[in-house]
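Visitor: The structure is given below, and queries will be raised subsequently.
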Amino acid sequence: MDAKETFSKEMLEEYRKSGMFGLWIAEEYGGLGGGITCLAMAFEELSRGCAGLALTPGTSALGAIPMYLAATKEQREKWCPDLASGKKLWAFALTEPEAGSDATALKTTAIKDGDFYVVNGTKHFISTGKEADFYTVAVNTNPSRGARGISLLVIEKGTPGFSFGKKEEKMGIRSNPTYELIFENVRVPKENLLGSEGRGLLYLQETLDYSRPGSLSRPWGIKWPNWPPRRKPAAR
């Protein structure tokens, strides 16, 4: 699967049956209540076999963490059951051509128009790509305020004006597709705003803190079968 860049529908169904997608989510929203630590331990084990296949529940969790942190009770009740069951996959859309590690430089805008936000911009290197159903997208709702204008919107695949660009060719983790996302006058209901306008950077920082244990667990799982390294006897 890694060599052929194949996204496994069979593995996706196995994850759904096992409850993998709901591992970290509270029981009241359909999850198993294991939290981030439990999810990271699962990633470590899965990555021993294939880091690409292990990434699917990981990217769905990453995309949904800001929703889980900032959403209203009504939003959680709306989105969490399908997230926990794996019926709907999520993706995290922050990186742009000119805004990678510097999230404050993002250029994607979301301008209020009545009951909608009109979104324009491009995101790069988005894991799970076309396979996701919902995308948590970092936008700027008030460009004049810079970093203090950053907000988060949930955008559903299939929304008019939302399309996919280049698929990246990667050195590894190839069974999880990585795509460019393109937004051209995409109208997003105001109800899809997470938290408050202008607080997106705070939500992003907290999300990245929660995601780091999972990010570390995958490479640790990859190297674990060969750890600790065997040392050759010193020459005499």
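To be explicit about the labels: the chains of the structure tokens are called A, B, and onward in the order shown, and within each one the residues are counted from 1, while ligands get numbers from 1 in the order they are shown.
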Which residues come within 10 Å of stretch 73-76 of chain A, counting only C-alpha atoms, excluding same-chain residues fewer than 4 positions away, as a list in words?

Guide: Tyr29, Met67, Tyr68, Leu69, Cys80, Pro81, Leu83, Glu191, Asn192, Leu193 and Leu194 of chain A

Visitor: Which of chain A end up as helix (DSSP H, G or I) when DSSP is run on this backbone - answer as a count of residues only?

Guide: 107

Visitor: Write out as a tab-separated table (two decimals) with C-alpha atoms, in the first residue's frame all residues of chain A that DSSP puts in strand (DSSP E or B) for this structure's backbone.

Guide:
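As written to disk, selection21.tsv reads:
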```tsv
chain	number	residue	atom	x	y	z
A	90	TRP	CA	-11.81	14.94	9.64
A	91	ALA	CA	-8.70	16.78	8.44
A	92	PHE	CA	-6.66	19.69	9.78
A	93	ALA	CA	-6.03	22.56	7.34
A	96	GLU	CA	-0.27	27.41	3.27
A	99	ALA	CA	2.42	29.95	6.16
A	109	THR	CA	-9.67	34.81	4.31
A	110	ALA	CA	-13.26	34.34	5.50
A	111	ILE	CA	-15.30	37.52	5.11
A	112	LYS	CA	-18.70	37.73	6.78
A	113	ASP	CA	-21.65	38.06	4.40
A	116	PHE	CA	-22.29	33.06	5.85
A	117	TYR	CA	-18.52	33.43	5.65
A	118	VAL	CA	-17.06	33.68	2.13
A	119	VAL	CA	-13.76	31.78	2.11
A	120	ASN	CA	-10.91	32.29	-0.38
A	121	GLY	CA	-7.42	30.84	-0.27
A	122	THR	CA	-5.24	27.74	-0.58
A	123	LYS	CA	-3.96	25.16	1.87
A	124	HIS	CA	-0.98	22.87	1.23
A	125	PHE	CA	0.20	19.48	2.55
A	126	ILE	CA	-3.16	18.47	4.04
A	127	SER	CA	-3.09	14.86	5.24
A	134	PHE	CA	-14.92	17.66	7.25
A	135	TYR	CA	-11.98	20.09	7.34
A	136	THR	CA	-11.10	22.36	10.24
A	137	VAL	CA	-9.70	25.35	8.34
A	138	ALA	CA	-7.67	28.21	9.76
A	139	VAL	CA	-8.83	31.46	8.17
A	140	ASN	CA	-8.50	35.16	8.78
A	150	ILE	CA	-7.43	34.26	12.87
A	151	SER	CA	-10.53	32.09	13.32
A	152	LEU	CA	-11.46	28.45	12.69
A	153	LEU	CA	-14.23	27.22	10.39
A	154	VAL	CA	-15.50	23.70	9.74
A	155	ILE	CA	-15.93	23.22	5.98
A	156	GLU	CA	-17.63	20.16	4.54
A	162	PHE	CA	-14.18	23.88	-2.50
A	163	SER	CA	-11.87	21.76	-4.67
A	164	PHE	CA	-8.61	19.81	-4.52
A	165	GLY	CA	-5.36	20.70	-6.22
A	166	LYS	CA	-2.03	18.93	-6.37
A	167	LYS	CA	-1.50	15.55	-4.75
A	178	THR	CA	-1.66	14.54	1.02
A	179	TYR	CA	-3.40	17.21	-1.05
A	180	GLU	CA	-3.73	20.90	-1.76
A	181	LEU	CA	-7.11	22.44	-0.85
A	182	ILE	CA	-8.52	25.31	-2.90
A	183	PHE	CA	-11.27	27.65	-1.71
A	184	GLU	CA	-12.91	29.96	-4.25
A	185	ASN	CA	-15.79	32.00	-2.84
A	186	VAL	CA	-16.86	29.11	-0.62
A	187	ARG	CA	-19.93	30.04	1.43
A	188	VAL	CA	-19.76	28.54	4.90
A	189	PRO	CA	-22.66	28.89	7.39
A	193	LEU	CA	-17.44	28.93	13.30
A	194	LEU	CA	-15.57	27.31	16.20
```

Visitor: Rounded to one decimal in Å, what is the spacing between atom CA of A:Ser18 and atom CA of A:Lys4?

Guide: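 Computing the Euclidean distance for atom CA of A:Ser18 and atom CA of A:Lys4 yields 25.6 Å.
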
Visitor: What lies within 12 Å of stretch 213-218 of chain A using only C-alpha atoms, ignoring chain neighbours under 4 positions off, as a PyMOL selection string?

Guide: chain A and resi 24+35-59+61-62+173+207-209+222-224

Visitor: Got time to write the residues from that selection, N, CA and C atoms, as an mmCIF file, in the first residue's frame?

Guide:
```cif
data_model
loop_
_atom_site.group_PDB
_atom_site.id
_atom_site.type_symbol
_atom_site.label_atom_id
_atom_site.label_comp_id
_atom_site.auth_asym_id
_atom_site.auth_seq_id
_atom_site.Cartn_x
_atom_site.Cartn_y
_atom_site.Cartn_z
ATOM 1 N N TRP A 24 -10.288 8.457 21.830
ATOM 2 C CA TRP A 24 -9.925 9.601 22.671
ATOM 3 C C TRP A 24 -11.122 10.446 23.099
ATOM 4 N N GLY A 35 -8.853 9.203 25.966
ATOM 5 C CA GLY A 35 -8.018 10.404 26.006
ATOM 6 C C GLY A 35 -6.843 10.343 25.043
ATOM 7 N N ILE A 36 -6.060 11.433 25.048
ATOM 8 C CA ILE A 36 -4.936 11.589 24.126
ATOM 9 C C ILE A 36 -3.837 10.561 24.394
ATOM 10 N N THR A 37 -3.581 10.242 25.669
ATOM 11 C CA THR A 37 -2.516 9.282 25.986
ATOM 12 C C THR A 37 -2.824 7.915 25.403
ATOM 13 N N CYS A 38 -4.046 7.470 25.553
ATOM 14 C CA CYS A 38 -4.456 6.173 25.022
ATOM 15 C C CYS A 38 -4.340 6.161 23.500
ATOM 16 N N LEU A 39 -4.722 7.257 22.856
ATOM 17 C CA LEU A 39 -4.627 7.353 21.402
ATOM 18 C C LEU A 39 -3.172 7.280 20.946
ATOM 19 N N ALA A 40 -2.274 7.955 21.657
ATOM 20 C CA ALA A 40 -0.858 7.933 21.311
ATOM 21 C C ALA A 40 -0.281 6.523 21.434
ATOM 22 N N MET A 41 -0.701 5.789 22.449
ATOM 23 C CA MET A 41 -0.228 4.411 22.612
ATOM 24 C C MET A 41 -0.691 3.534 21.448
ATOM 25 N N ALA A 42 -1.915 3.757 20.986
ATOM 26 C CA ALA A 42 -2.420 3.003 19.841
ATOM 27 C C ALA A 42 -1.628 3.341 18.581
ATOM 28 N N PHE A 43 -1.298 4.618 18.381
ATOM 29 C CA PHE A 43 -0.514 5.015 17.212
ATOM 30 C C PHE A 43 0.856 4.337 17.199
ATOM 31 N N GLU A 44 1.466 4.245 18.377
ATOM 32 C CA GLU A 44 2.773 3.604 18.464
ATOM 33 C C GLU A 44 2.696 2.159 17.979
ATOM 34 N N GLU A 45 1.680 1.438 18.445
ATOM 35 C CA GLU A 45 1.533 0.035 18.050
ATOM 36 C C GLU A 45 1.239 -0.091 16.554
ATOM 37 N N LEU A 46 0.338 0.742 16.039
ATOM 38 C CA LEU A 46 -0.013 0.671 14.622
ATOM 39 C C LEU A 46 1.166 1.019 13.725
ATOM 40 N N SER A 47 1.983 1.964 14.171
ATOM 41 C CA SER A 47 3.111 2.414 13.353
ATOM 42 C C SER A 47 4.209 1.371 13.240
ATOM 43 N N ARG A 48 4.220 0.382 14.125
ATOM 44 C CA ARG A 48 5.168 -0.713 13.973
ATOM 45 C C ARG A 48 4.917 -1.451 12.666
ATOM 46 N N GLY A 49 3.619 -1.483 12.254
ATOM 47 C CA GLY A 49 3.293 -2.148 11.004
ATOM 48 C C GLY A 49 3.395 -1.222 9.815
ATOM 49 N N CYS A 50 2.733 -0.054 9.887
ATOM 50 C CA CYS A 50 2.761 0.896 8.772
ATOM 51 C C CYS A 50 2.344 2.265 9.277
ATOM 52 N N ALA A 51 3.232 3.217 9.203
ATOM 53 C CA ALA A 51 2.937 4.565 9.694
ATOM 54 C C ALA A 51 1.875 5.253 8.847
ATOM 55 N N GLY A 52 1.821 4.897 7.562
ATOM 56 C CA GLY A 52 0.814 5.493 6.689
ATOM 57 C C GLY A 52 -0.592 5.082 7.081
ATOM 58 N N LEU A 53 -0.770 3.783 7.330
ATOM 59 C CA LEU A 53 -2.082 3.298 7.741
ATOM 60 C C LEU A 53 -2.439 3.806 9.135
ATOM 61 N N ALA A 54 -1.441 3.986 9.980
ATOM 62 C CA ALA A 54 -1.680 4.500 11.331
ATOM 63 C C ALA A 54 -2.118 5.958 11.313
ATOM 64 N N LEU A 55 -1.802 6.660 10.225
ATOM 65 C CA LEU A 55 -2.055 8.099 10.185
ATOM 66 C C LEU A 55 -3.538 8.440 10.045
ATOM 67 N N THR A 56 -4.339 7.535 9.483
ATOM 68 C CA THR A 56 -5.743 7.867 9.208
ATOM 69 C C THR A 56 -6.524 8.245 10.464
ATOM 70 N N PRO A 57 -6.535 7.425 11.510
ATOM 71 C CA PRO A 57 -7.235 7.873 12.727
ATOM 72 C C PRO A 57 -6.545 9.058 13.385
ATOM 73 N N GLY A 58 -5.241 9.197 13.148
ATOM 74 C CA GLY A 58 -4.496 10.311 13.733
ATOM 75 C C GLY A 58 -4.876 11.644 13.119
ATOM 76 N N THR A 59 -4.973 11.691 11.793
ATOM 77 C CA THR A 59 -5.322 12.950 11.144
ATOM 78 C C THR A 59 -6.781 13.318 11.405
ATOM 79 N N ALA A 61 -8.346 12.673 14.191
ATOM 80 C CA ALA A 61 -8.312 13.238 15.545
ATOM 81 C C ALA A 61 -7.754 14.658 15.525
ATOM 82 N N LEU A 62 -6.670 14.870 14.785
ATOM 83 C CA LEU A 62 -6.065 16.204 14.716
ATOM 84 C C LEU A 62 -7.058 17.219 14.161
ATOM 85 N N ILE A 173 5.047 7.414 4.319
ATOM 86 C CA ILE A 173 3.651 7.567 4.742
ATOM 87 C C ILE A 173 2.768 7.810 3.516
ATOM 88 N N THR A 207 -4.374 22.954 20.268
ATOM 89 C CA THR A 207 -4.507 21.742 19.459
ATOM 90 C C THR A 207 -3.152 21.108 19.201
ATOM 91 N N LEU A 208 -2.173 21.915 18.829
ATOM 92 C CA LEU A 208 -0.843 21.386 18.539
ATOM 93 C C LEU A 208 -0.200 20.791 19.789
ATOM 94 N N ASP A 209 -0.471 21.375 20.952
ATOM 95 C CA ASP A 209 0.035 20.793 22.199
ATOM 96 C C ASP A 209 -0.557 19.402 22.422
ATOM 97 N N ILE A 222 7.836 3.163 14.798
ATOM 98 C CA ILE A 222 8.597 2.693 13.642
ATOM 99 C C ILE A 222 9.957 2.139 14.063
ATOM 100 N N LYS A 223 10.612 2.818 14.975
ATOM 101 C CA LYS A 223 11.975 2.416 15.342
ATOM 102 C C LYS A 223 12.013 1.363 16.445
ATOM 103 N N TRP A 224 10.882 1.165 17.147
ATOM 104 C CA TRP A 224 10.904 0.300 18.324
ATOM 105 C C TRP A 224 11.430 -1.101 18.074
#
```
